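J.: The structure's right below; bear with me while I get my questions together.
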Amino acid sequence: MSESSAVPFRIQGDTGEWEVVLGLEVHAQIVSRAKLFSGASTAFGAEPNSQVSFVDAAMPGMLPVLNGECVRQAVRTGLALNAQINRWSRFDRKNYFYADLPQGYQISQFQYPIVGEGELVLELEDGATRTVGIERIHIEQDAGKSMHDQSPSKSHVDLNRSGVALMEIVSKPDMRSPDEAGAYVRKLRSILRYVGSCDGNMEEGSMRADVNVSVRKPGDPLGTRCEIKNVNSVRFVMAAIDYEARRQIEIIEGGGVIRQETRLFDPDKIETRSMRSKEEAHDYRYFPDPDLLPLELTEDFVADCLASLPELPDVKRARYERELGITPYNAAVLTAEKETADYFEALLAESARRQGKPEAELARAASNWVISDLFGALKSGDRAMASSPISAAQGAELLALIADGTLSGRLGKDVFAIMLETGKDAGVIVEERGLKQVSDTGALEAAIAEVMAANADKVAEYRSGKDKLFGFFVGQLMKATGGKANPAVVNELLKKALAG
Amino acid sequence: MMTNLTDLTLAQMRDGLRAKSFSAKELAETHIAAVEAARPLNAFLVETPEHALAAAAAADAALAADAALPLSGIPLGIKDLFCTKGVQTTAASKILDGFVPQYESTITGKLFADGAGMLGKLNLDQFAMGSSNETSAYGNVISPWRGQGNAALVPGGSSGGSSSAVAARLCAGATGTDTGGSIRQPAAFTGIAGIKPTYGRCSRWGTIAFASSLDQAGPMARDVRDCAILLKSMCGFDPKDSTSLDVAVPDFEAALSGDLRGKKVGIPREYRLDGMPAEIEALWQQGIGWLRDAGAETVDVSLPHTHYALPTYYIVAPAEASSNLARYDGVRYGLRETPPGGTLADMYEATRAAGFGPEVKRRIMIGTYVLSAGYYDAYYLQAQKVRTLIARDFDLAWQKCDVLLTPTAPSAAFAFGSKSDDPIAMYLNDVFTVPSSLAGLPAMSVPAGLDAGGLPLGLQVIGKALDEQGVLNASYALEQAAGFTAKPDRWW
């Protein structure tokens with residue numbers, strides 16, 4: 001499915017243009033205090049093997065008990081992706097041996113996933129949109145972590161992650177360029193964060209992607225795909241696709257054929273390497289887990305999940321444009337991340353309260369301030385919106401001081417800088433530093449008179465037609481008032497005084 | 001005071017303790033001595049006299065304060081498939097050699113909470129896979145019964161340590177587990193009673209898994225009343241087992257009645273096997289007569305898929321076992337074999353080769369095969385369908401009757417080695433017990449008579465789901481009519 005009006009992405013090969021076909025399987029760690037089938041904690045960064053229950057370590061006789069919160073989060077995620085919720089689903093065992101897989105099998109939903117088909121709409125840079133189909137979402141447990149660099153002769157295993165709940169979100173092969181794949185991961189992450197079902201933190205491994213890549217001549221049937229495992233950033237997803245697509249094209253154009261296989265992405269060399277071929281693939285011997293009953297959801301449960309969803313980014317963006325009159329660009333930026341939208345809405349509400357005006361009237365200025373001033377400050381301080389040093393209430397106070405003329409735009413920026421530096425409120429800074437804009441005509445007229453007296457020669461030059469000197473007088477006046485003079489009032493009074 | 005405390009039934013012990021006829025300490029010490037004296041039976045893998053004595057001390061204090069619990073001071077044997085906190089638990093496999101759980105299984109926890117003590121951990125077929133107790137890594141359990149020419153006999157399996165210990169008066173009651181007959185067949189072989197409750201009645205938490213969809217714990221004791229008493233303590237909903245049933249537990253003993261007026265007993269015609277010994281057929285007919293005498297009406301019923309039960313069982317159970325036993329890999333606990341310079345796969349292979357016995361390996365391989373790509377549909381999936389049909393057979397039978405009466409096993413206990421080279425002959429032992437296991441139904445074996453060689457034979461009562469009471473009551477009627485008093489002569 002594609003509504004894209006943009007020029008299709010093509011890779012130029014020796015034999016002509018190639019199209020890339022992409023599907024993603026995103027593993028997203030479900031936000032929950034406890035693991036999928038045990039009561040052990042899921043906190044990141046704990047001492048190795050400190051968050052392991054008897055169940056997670058697969059001690060003899062231990063049994064899994066499903067964590068209802070993980071089910072709820074998966075259903076909410078499915079609803080946020082407009083997906084079919086399967087009222088009956090089942091847990092299967094995926095059998096394979098590895099040292100960090102204590103049970104010797106992973107409990108997963110192979111045949112009957114909890115969530116079926118849905119969709120995700122991407123906004124591309126050129127303003128075009130593309131709808132990417134969601135094939136399914138299923139719940140499964142994570143494995144532990146093997147560490148091969150702790151000892152020259154032994155491997156170590158950390159089971160803290162063992163049993164942590166994951167959602168595997170499988171897309172249809174609907175993407176056609178690295179940019180689209182990147183946009184898909186960003187948009188999916190945004191929705192997961194809105195829903196609160198995954199923190200989307202790719203650095204900590206809360207979200208990682210397996211990327212299926214194939215190439216074909218436009219119009220040809222699908223080519224043979226390779227799956228690139230465990231790519232853990234948007235940038236790497238795009239780089240891995242670019243490398244892999246070119247690798248496949250080179251092989252085909254060299255007369256070779258693509259073998260279906262699983263490949264690893266090397267983030268240092270920016271290349272993919274063969275992990276195992278289809279022939280070497282495991283026989284996972286899936287079968288229904290006899291320790292767990294099929295999962296049946298009531299209508300009420302699904303309805304409660306739906307009612308618990310927040311306003312999602314697409315709806316919010318449209319509302320910003322429609323009701324608040326914010327530019328499409330600003331609306332898109334402000335709604336891309338839940339934290340930004342939350343901040344903006346708090347700022348707007350507080351501004352409306354302070355200034356006694358409807359939000360729609362203040363939204364444009366507020367959106368500009370967030371996107372230019374606040375974003376700039378956060379970026380230079382390398383901070384996230386969630387840890388903004390300036391609260392929404394503080395921002396609203398600053399905006400009110402600008403709006404009522406207490407501060408000029410320039411002074412506003414100065415005060416903001418001081419706020420960032422000291423953490424103090426805008427009003428306190430204005431008070432302490434006497435930064436209040438001078439709009440009092442009497443005081444300004446006196447200052448103008450002084451400046452004109454001190455620069456009588458320049459006054460004469462101005463009056464003889466050297467208009468450019470007006471700027472000089474403004475500068476002198478600002479200097480004399482410590483920058484606090486209201487520029488609009490200054491302009492008016494100065495013009496009058498110079499005219500004689 | 002009674003001269004031989006070990007001859008008492010569990011109910012008699014309980015009542016004698018309350019009447020202050022003897023103390024719990026005396027009871028425990030007598031049993032501890034019996035266990036020590038009976039080491040030639042090889043019924044116990046670990047003896048825990050300190051546990052039994054501590055429970056006895058607590059029981060005597062409770063009895064003195066008139067605060068006795070249902071099982072205060074009763075010393076029990078615990079099948080070594082139940083994890084016991086601080087006490088080695090091996091499932092009779094080398095792969096768990098030296099494994100000491102840091103947790104208590106729900107079943108043993110409930111029994112101990114009701115005041116019972118533990119004399120020790122009972123031997124079994126390795127991972128409960130076997131019908132003769134010949135697959136234990138720690139040696140065969142010997143039945144206290146003797147065959148012709150004083151031949152040593154198998155105690156049945158897999159709960160062979162339990163059956164041997166109860167029959168030899170080493171304990172009045174023991175825990176067993178039953179996957180395809182592992183409580184009922186050894187009970188029949190040793191002249192004791194044993195009940196497998198409805199799947200889900202007893203929590204599986206902390207019990208080493210063989211085949212999760214079939215495994216059920218249950219009591220083994222010398223009579224029906226004692227089974228009823230133990231069953232009440234063992235049953236109950238456990239939120240730690242997702243397949244546990246959240247239903248009330250009745251007072252089975254209080255409702256025990258051999259009056260079967262108004263009850264209908266089904267006699268399934270498919271349980272009449274070609275080549276079955278005539279004396280088993282005769283005993284079955286006698287059982288039918290006894291139940292009629294107790295007021296029941298008997299009706300012929302058909303369970304047409306019965307002869308598919310064994311092959312179905314030997315697909316489903318090994319399939320689950322192949323996955324359940326994957327955790328025994330040498331990484332975290334139990335045996336670990338590390339060939340010099342070997343890889344992870346080498347460690348797995350060496351550990352599992354050394355740790356698992358031949359029967360366990362056979363079932364892991366069968367299970368792996370039936371779940372493999374290309375065979376799953378033909379074996380595992382087909383077996384699941386047949387399992388549904390077998391369960392439906394029973395559902396249809398319940399339209400005509402309340403319980404079913406069948407023999408427990410197709411023969412009396414046999415000599416060591418007589419079937420161990422022929423897995424199929426061994427598997428046939430389970431022919432009467434497996435169908436009710438596949439259907440998850442309660443079923444009990446009760447001693448009903450002796451064969452020509454003087455060896456015990458059992459009859460089996462199968463009931464509707466959650467109708468343990470109906471099963472116990474029909475068994476009680478059989479027990480009263482049979483008047484089974486035979487016991488093995490002490491030779492050890």
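Labeling convention for the structure tokens: chains A, B, ... as they appear, residues from 1 per chain, ligands from 1 in order of appearance.
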Please check the contacts: residues of chain A at most 9 Å away from chain B, using only C-alpha atoms, listed as a VMD selection string.
T.: chain A and resid 54 57 to 66 93 95 to 105 283 to 287 289 to 293
J.: What's the 6 Å shell around B:Val154, counting only C-alpha atoms, without same-chain residues fewer than 5 positions away, as a PyMOL selection string?
T.: chain B and resi 132+142-143+414-416
J.: Those selected residues, please, written with N, CA, C and O atoms and delivered as a short mmCIF file (atom, residue, chain, number, x, y, z; two decimals), in the first residue's frame.
T.:
```
data_model
loop_
_atom_site.label_atom_id
_atom_site.label_comp_id
_atom_site.auth_asym_id
_atom_site.auth_seq_id
_atom_site.Cartn_x
_atom_site.Cartn_y
_atom_site.Cartn_z
N SER B 132 8.47 -50.06 36.15
CA SER B 132 9.00 -51.16 36.95
C SER B 132 10.08 -50.71 37.93
O SER B 132 10.63 -51.51 38.67
N ILE B 142 13.13 -52.76 45.15
CA ILE B 142 12.66 -54.15 45.24
C ILE B 142 11.30 -54.16 45.91
O ILE B 142 11.10 -53.49 46.93
N SER B 143 10.38 -54.90 45.37
CA SER B 143 9.07 -55.03 46.01
C SER B 143 9.22 -55.88 47.27
O SER B 143 10.01 -56.83 47.30
N PHE B 414 5.93 -58.39 37.99
CA PHE B 414 6.79 -59.34 37.28
C PHE B 414 8.21 -59.25 37.82
O PHE B 414 8.54 -58.37 38.63
N ALA B 415 9.03 -60.17 37.35
CA ALA B 415 10.41 -60.23 37.85
C ALA B 415 11.29 -59.20 37.14
O ALA B 415 10.98 -58.77 36.02
N PHE B 416 12.36 -58.82 37.79
CA PHE B 416 13.30 -57.87 37.19
C PHE B 416 13.85 -58.42 35.89
O PHE B 416 14.10 -59.62 35.78
#
```
J.: Using the chain letters and numbers from this document, which residues of stretch 187-392 of chain A does DSSP assign to alpha helix (DSSP H), as a PyMOL selection string?
T.: chain A and resi 187-195+234-253+299-307+313-324+328-336+338-355+359-368+375-380+392
J.: At a cut-off of 12 Å, using only C-alpha atoms, what residues contact B:Tyr314? Leave out same-chain residues fewer than 4 positions from it and give the result as a CSV table (one decimal) with N, CA and C atoms, in the first residue's frame.
T.:
```
chain,number,residue,atom,x,y,z
B,129,MET,N,9.9,-42.0,34.3
B,129,MET,CA,9.7,-42.7,33.0
B,129,MET,C,10.0,-44.2,33.2
B,130,GLY,N,8.9,-45.0,33.4
B,130,GLY,CA,9.1,-46.4,33.6
B,130,GLY,C,7.9,-47.0,34.3
B,179,THR,N,1.5,-40.0,35.6
B,179,THR,CA,1.5,-39.4,34.3
B,179,THR,C,0.7,-40.3,33.3
B,180,GLY,N,0.9,-41.6,33.4
B,180,GLY,CA,0.1,-42.6,32.6
B,180,GLY,C,-0.3,-43.8,33.4
B,211,ALA,N,5.6,-34.9,31.9
B,211,ALA,CA,4.8,-34.5,30.8
B,211,ALA,C,3.7,-33.6,31.4
B,214,LEU,N,-0.1,-34.0,31.6
B,214,LEU,CA,-0.6,-35.3,32.2
B,214,LEU,C,-0.2,-35.5,33.7
B,308,TYR,N,-6.3,-46.7,20.9
B,308,TYR,CA,-5.4,-45.7,20.4
B,308,TYR,C,-4.7,-45.0,21.5
B,309,ALA,N,-5.1,-45.3,22.8
B,309,ALA,CA,-4.6,-44.5,23.9
B,309,ALA,C,-3.1,-44.7,24.1
B,310,LEU,N,-2.6,-45.9,24.1
B,310,LEU,CA,-1.2,-46.1,24.3
B,310,LEU,C,-0.3,-45.4,23.3
B,318,PRO,N,6.2,-38.2,25.5
B,318,PRO,CA,7.6,-37.9,25.1
B,318,PRO,C,7.8,-36.5,24.5
B,319,ALA,N,6.8,-36.1,23.7
B,319,ALA,CA,7.0,-34.7,23.1
B,319,ALA,C,7.2,-33.7,24.2
B,320,GLU,N,6.3,-33.7,25.2
B,320,GLU,CA,6.4,-32.7,26.3
B,320,GLU,C,7.7,-32.9,27.1
B,321,ALA,N,8.0,-34.2,27.3
B,321,ALA,CA,9.3,-34.5,28.1
B,321,ALA,C,10.5,-34.0,27.3
B,322,SER,N,10.5,-34.1,26.0
B,322,SER,CA,11.7,-33.7,25.3
B,322,SER,C,12.0,-32.2,25.5
B,362,ARG,N,15.7,-42.4,25.3
B,362,ARG,CA,14.8,-42.9,24.3
B,362,ARG,C,13.5,-42.0,24.1
B,363,ARG,N,13.0,-41.6,25.3
B,363,ARG,CA,11.8,-40.7,25.2
B,363,ARG,C,12.1,-39.3,24.7
B,364,ILE,N,13.3,-38.8,25.1
B,364,ILE,CA,13.7,-37.5,24.5
B,364,ILE,C,13.8,-37.6,23.0
B,365,MET,N,14.3,-38.7,22.5
B,365,MET,CA,14.5,-38.8,21.1
B,365,MET,C,13.1,-39.0,20.4
B,366,ILE,N,12.3,-39.8,21.0
B,366,ILE,CA,10.9,-40.0,20.4
B,366,ILE,C,10.2,-38.6,20.4
B,367,GLY,N,10.3,-37.9,21.5
B,367,GLY,CA,9.6,-36.6,21.6
B,367,GLY,C,10.1,-35.6,20.6
B,369,TYR,N,11.6,-36.3,17.8
B,369,TYR,CA,11.2,-36.7,16.5
B,369,TYR,C,9.7,-36.3,16.1
B,370,VAL,N,8.8,-36.6,17.1
B,370,VAL,CA,7.4,-36.3,16.8
B,370,VAL,C,7.1,-34.8,16.7
B,379,TYR,N,2.3,-36.9,13.7
B,379,TYR,CA,2.4,-37.5,15.0
B,379,TYR,C,1.7,-36.6,16.1
B,380,TYR,N,2.4,-35.5,16.4
B,380,TYR,CA,1.9,-34.7,17.6
B,380,TYR,C,0.5,-34.2,17.4
B,383,ALA,N,-2.0,-37.0,17.4
B,383,ALA,CA,-2.2,-37.5,18.7
B,383,ALA,C,-3.1,-36.6,19.6
B,384,GLN,N,-2.9,-35.3,19.4
B,384,GLN,CA,-3.8,-34.3,20.1
B,384,GLN,C,-5.2,-34.5,19.7
B,387,ARG,N,-6.4,-37.6,21.3
B,387,ARG,CA,-6.6,-37.4,22.7
B,387,ARG,C,-8.0,-36.8,23.0
B,423,PRO,N,10.8,-52.4,25.3
B,423,PRO,CA,10.0,-51.2,25.7
B,423,PRO,C,8.5,-51.4,25.4
B,424,ILE,N,8.1,-52.0,24.3
B,424,ILE,CA,6.7,-52.1,24.0
B,424,ILE,C,6.0,-53.0,25.0
B,426,MET,N,6.8,-53.4,28.0
B,426,MET,CA,6.8,-52.5,29.3
B,426,MET,C,5.7,-51.5,29.2
B,427,TYR,N,5.6,-50.9,28.0
B,427,TYR,CA,4.6,-49.8,27.9
B,427,TYR,C,3.2,-50.3,28.0
B,428,LEU,N,3.0,-51.7,27.6
B,428,LEU,CA,1.7,-52.3,27.7
B,428,LEU,C,1.1,-52.3,29.1
B,430,ASP,N,0.7,-50.0,31.0
B,430,ASP,CA,-0.1,-48.8,31.2
B,430,ASP,C,-1.4,-48.8,30.4
B,431,VAL,N,-1.7,-49.9,29.8
B,431,VAL,CA,-2.8,-49.9,28.8
B,431,VAL,C,-4.2,-49.5,29.5
B,434,VAL,N,-3.7,-45.4,31.1
B,434,VAL,CA,-3.4,-44.3,30.2
B,434,VAL,C,-4.6,-43.5,29.7
B,435,PRO,N,-5.7,-44.2,29.3
B,435,PRO,CA,-6.8,-43.4,28.8
B,435,PRO,C,-7.3,-42.4,29.7
B,438,LEU,N,-5.0,-39.4,29.8
B,438,LEU,CA,-5.1,-38.5,28.7
B,438,LEU,C,-6.4,-37.7,28.8
```
J.: Using only C-alpha atoms, determine which residues lie at most 8 Å from stretch 47-50 of chain B, disregarding the query and same-chain residues fewer than 2 positions distant; provide the list as a PyMOL selection string.
T.: chain B and resi 32+35+44-45+52-54+118-121
J.: What's the 6 Å shell around B:Ile195, counting only C-alpha atoms, without same-chain residues fewer than 4 positions away, as a list of chain:residue names?
T.: B:Gly218, B:Ala443, B:Met444
J.: Output N, CA and C atoms for every residue in that selection, as a PDB file, in the first residue's frame.
T.:
```pdb
ATOM      1  N   GLY B 218      -0.568 -37.494  43.640  1.00  0.00           N
ATOM      2  CA  GLY B 218      -1.654 -38.146  44.365  1.00  0.00           C
ATOM      3  C   GLY B 218      -1.091 -38.971  45.491  1.00  0.00           C
ATOM      4  N   ALA B 443      -8.782 -41.316  38.923  1.00  0.00           N
ATOM      5  CA  ALA B 443      -8.819 -42.773  38.844  1.00  0.00           C
ATOM      6  C   ALA B 443      -8.028 -43.346  40.010  1.00  0.00           C
ATOM      7  N   MET B 444      -8.509 -44.468  40.517  1.00  0.00           N
ATOM      8  CA  MET B 444      -7.912 -45.049  41.717  1.00  0.00           C
ATOM      9  C   MET B 444      -7.727 -46.541  41.540  1.00  0.00           C
TER      10      MET B 444
END
```
J.: In Å to one decimal, how far is atom CA of B:Phe112 from atom CA of B:Leu17?
T.: 16.9 Å
J.: Could you give me, as a PDB file with C-alpha atoms, in the first residue's frame, the residues within 12 Å of stretch 486-493 of chain A, counting only C-alpha atoms and dropping anything in the same chain fewer than 6 positions from it?
T.:
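Generated output (around_20.pdb):
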```pdb
ATOM      1  CA  ILE A 402       7.155  38.897  26.766  1.00  0.00           C
ATOM      2  CA  ASP A 404       2.666  41.901  28.239  1.00  0.00           C
ATOM      3  CA  GLY A 405       5.638  43.932  27.054  1.00  0.00           C
ATOM      4  CA  THR A 406       7.650  43.595  30.246  1.00  0.00           C
ATOM      5  CA  LEU A 407      10.385  41.963  28.193  1.00  0.00           C
ATOM      6  CA  SER A 408      11.351  42.609  24.611  1.00  0.00           C
ATOM      7  CA  GLY A 409      11.982  39.633  22.369  1.00  0.00           C
ATOM      8  CA  ARG A 410      15.692  40.177  22.813  1.00  0.00           C
ATOM      9  CA  LEU A 411      15.450  40.558  26.570  1.00  0.00           C
ATOM     10  CA  LEU A 435      15.829  43.961  33.208  1.00  0.00           C
ATOM     11  CA  LYS A 436      12.357  45.306  32.921  1.00  0.00           C
ATOM     12  CA  GLN A 437      11.792  46.928  29.582  1.00  0.00           C
ATOM     13  CA  VAL A 438      11.521  50.731  29.859  1.00  0.00           C
ATOM     14  CA  SER A 439       8.390  51.946  28.128  1.00  0.00           C
ATOM     15  CA  ASP A 440       7.890  55.021  30.283  1.00  0.00           C
ATOM     16  CA  THR A 441       7.903  57.888  27.733  1.00  0.00           C
ATOM     17  CA  GLY A 442       9.058  60.458  30.286  1.00  0.00           C
ATOM     18  CA  ALA A 443      12.161  58.491  31.194  1.00  0.00           C
ATOM     19  CA  LEU A 444      12.877  57.714  27.574  1.00  0.00           C
ATOM     20  CA  GLU A 445      12.415  61.323  26.451  1.00  0.00           C
ATOM     21  CA  ALA A 446      14.940  62.418  29.067  1.00  0.00           C
ATOM     22  CA  ALA A 447      17.394  59.798  27.870  1.00  0.00           C
ATOM     23  CA  ILE A 448      16.848  60.868  24.267  1.00  0.00           C
ATOM     24  CA  ALA A 449      17.515  64.437  25.174  1.00  0.00           C
ATOM     25  CA  PHE A 470      18.933  56.708  13.020  1.00  0.00           C
ATOM     26  CA  GLY A 471      20.344  53.318  13.896  1.00  0.00           C
ATOM     27  CA  PHE A 472      23.243  55.009  15.676  1.00  0.00           C
ATOM     28  CA  PHE A 473      20.862  56.919  17.925  1.00  0.00           C
ATOM     29  CA  VAL A 474      18.883  53.756  18.704  1.00  0.00           C
ATOM     30  CA  GLY A 475      22.107  52.048  19.664  1.00  0.00           C
ATOM     31  CA  GLN A 476      23.188  54.926  21.891  1.00  0.00           C
ATOM     32  CA  LEU A 477      19.832  54.957  23.574  1.00  0.00           C
ATOM     33  CA  MET A 478      19.848  51.231  24.231  1.00  0.00           C
ATOM     34  CA  ALA A 480      22.162  54.388  27.905  1.00  0.00           C
ATOM     35  CA  ALA A 499      12.650  65.597  13.480  1.00  0.00           C
ATOM     36  CA  GLY A 500      12.915  68.554  15.788  1.00  0.00           C
TER      37      GLY A 500
END
```
J.: List the neighbours of A:Gln109 out to 9 Å using only C-alpha atoms; skip same-chain residues closer than 5 positions along the sequence, and give me the result as a CSV table (one decimal) with C-alpha atoms, in the first residue's frame.
T.:
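Output (out10.csv):
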```csv
chain,number,residue,atom,x,y,z
A,89,SER,CA,-4.4,-16.6,21.6
A,90,ARG,CA,-1.9,-19.2,22.7
A,91,PHE,CA,1.6,-19.6,24.0
A,92,ASP,CA,3.9,-22.0,22.2
A,93,ARG,CA,7.4,-23.3,23.1
A,94,LYS,CA,10.2,-22.5,20.7
A,114,ILE,CA,-2.6,-11.9,20.5
A,138,HIS,CA,2.9,-11.4,19.6
A,139,ILE,CA,4.2,-11.7,23.2
A,140,GLU,CA,7.3,-13.6,24.1
A,288,PRO,CA,1.6,-25.4,22.6
```
J.: Run DSSP on the backbone and give me the residues of stretch 35-120 of chain B it puts in strand (DSSP E or B), as a PyMOL selection string.
T.: chain B and resi 44-47+75-79+82+84+87+117-120
J.: Would you mind exporting the chosen residues as a CSV table (one decimal), in the first residue's frame, restricted to N, CA and C atoms?
T.:
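The resulting file, selection_6.csv, is reproduced below:
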```csv
chain,number,residue,atom,x,y,z
B,44,PHE,N,14.3,-45.9,49.6
B,44,PHE,CA,14.6,-44.5,49.9
B,44,PHE,C,15.9,-44.1,49.2
B,45,LEU,N,16.0,-43.0,48.6
B,45,LEU,CA,17.2,-42.4,48.1
B,45,LEU,C,17.9,-41.6,49.1
B,46,VAL,N,17.1,-40.9,49.9
B,46,VAL,CA,17.6,-40.1,51.0
B,46,VAL,C,16.8,-40.3,52.2
B,47,GLU,N,17.4,-40.5,53.4
B,47,GLU,CA,16.6,-40.6,54.6
B,47,GLU,C,16.7,-39.3,55.4
B,75,PRO,N,4.3,-39.7,59.8
B,75,PRO,CA,5.5,-39.7,59.0
B,75,PRO,C,5.2,-40.3,57.6
B,76,LEU,N,5.6,-39.5,56.6
B,76,LEU,CA,5.3,-39.9,55.2
B,76,LEU,C,6.6,-40.1,54.4
B,77,GLY,N,6.5,-40.9,53.3
B,77,GLY,CA,7.6,-40.9,52.3
B,77,GLY,C,7.2,-40.0,51.2
B,78,ILE,N,8.2,-39.3,50.6
B,78,ILE,CA,8.0,-38.4,49.6
B,78,ILE,C,8.8,-38.8,48.3
B,79,LYS,N,8.0,-39.0,47.2
B,79,LYS,CA,8.6,-39.4,46.0
B,79,LYS,C,9.7,-38.3,45.6
B,82,PHE,N,9.3,-34.6,43.9
B,82,PHE,CA,8.9,-33.4,44.6
B,82,PHE,C,10.1,-32.7,45.1
B,84,THR,N,12.2,-30.6,47.6
B,84,THR,CA,12.1,-30.4,49.0
B,84,THR,C,13.2,-29.5,49.4
B,87,VAL,N,16.7,-30.5,50.9
B,87,VAL,CA,16.9,-31.9,50.8
B,87,VAL,C,17.1,-32.3,49.4
B,117,GLY,N,5.3,-35.3,58.7
B,117,GLY,CA,6.8,-35.3,58.7
B,117,GLY,C,7.3,-36.1,57.5
B,118,MET,N,8.6,-35.9,57.2
B,118,MET,CA,9.1,-36.7,56.0
B,118,MET,C,10.2,-37.6,56.5
B,119,LEU,N,10.0,-38.9,56.2
B,119,LEU,CA,11.0,-39.9,56.5
B,119,LEU,C,12.1,-39.9,55.5
B,120,GLY,N,11.9,-39.5,54.3
B,120,GLY,CA,12.9,-39.4,53.3
B,120,GLY,C,12.4,-39.3,51.9
```
J.: Using only C-alpha atoms, which of the listed residues (B:Lys419, B:Arg261, B:Arg336, B:Arg39) sits closest to B:Asn123?
T.: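 Ranked by minimum distance to B:Asn123, first place goes to B:Arg39.
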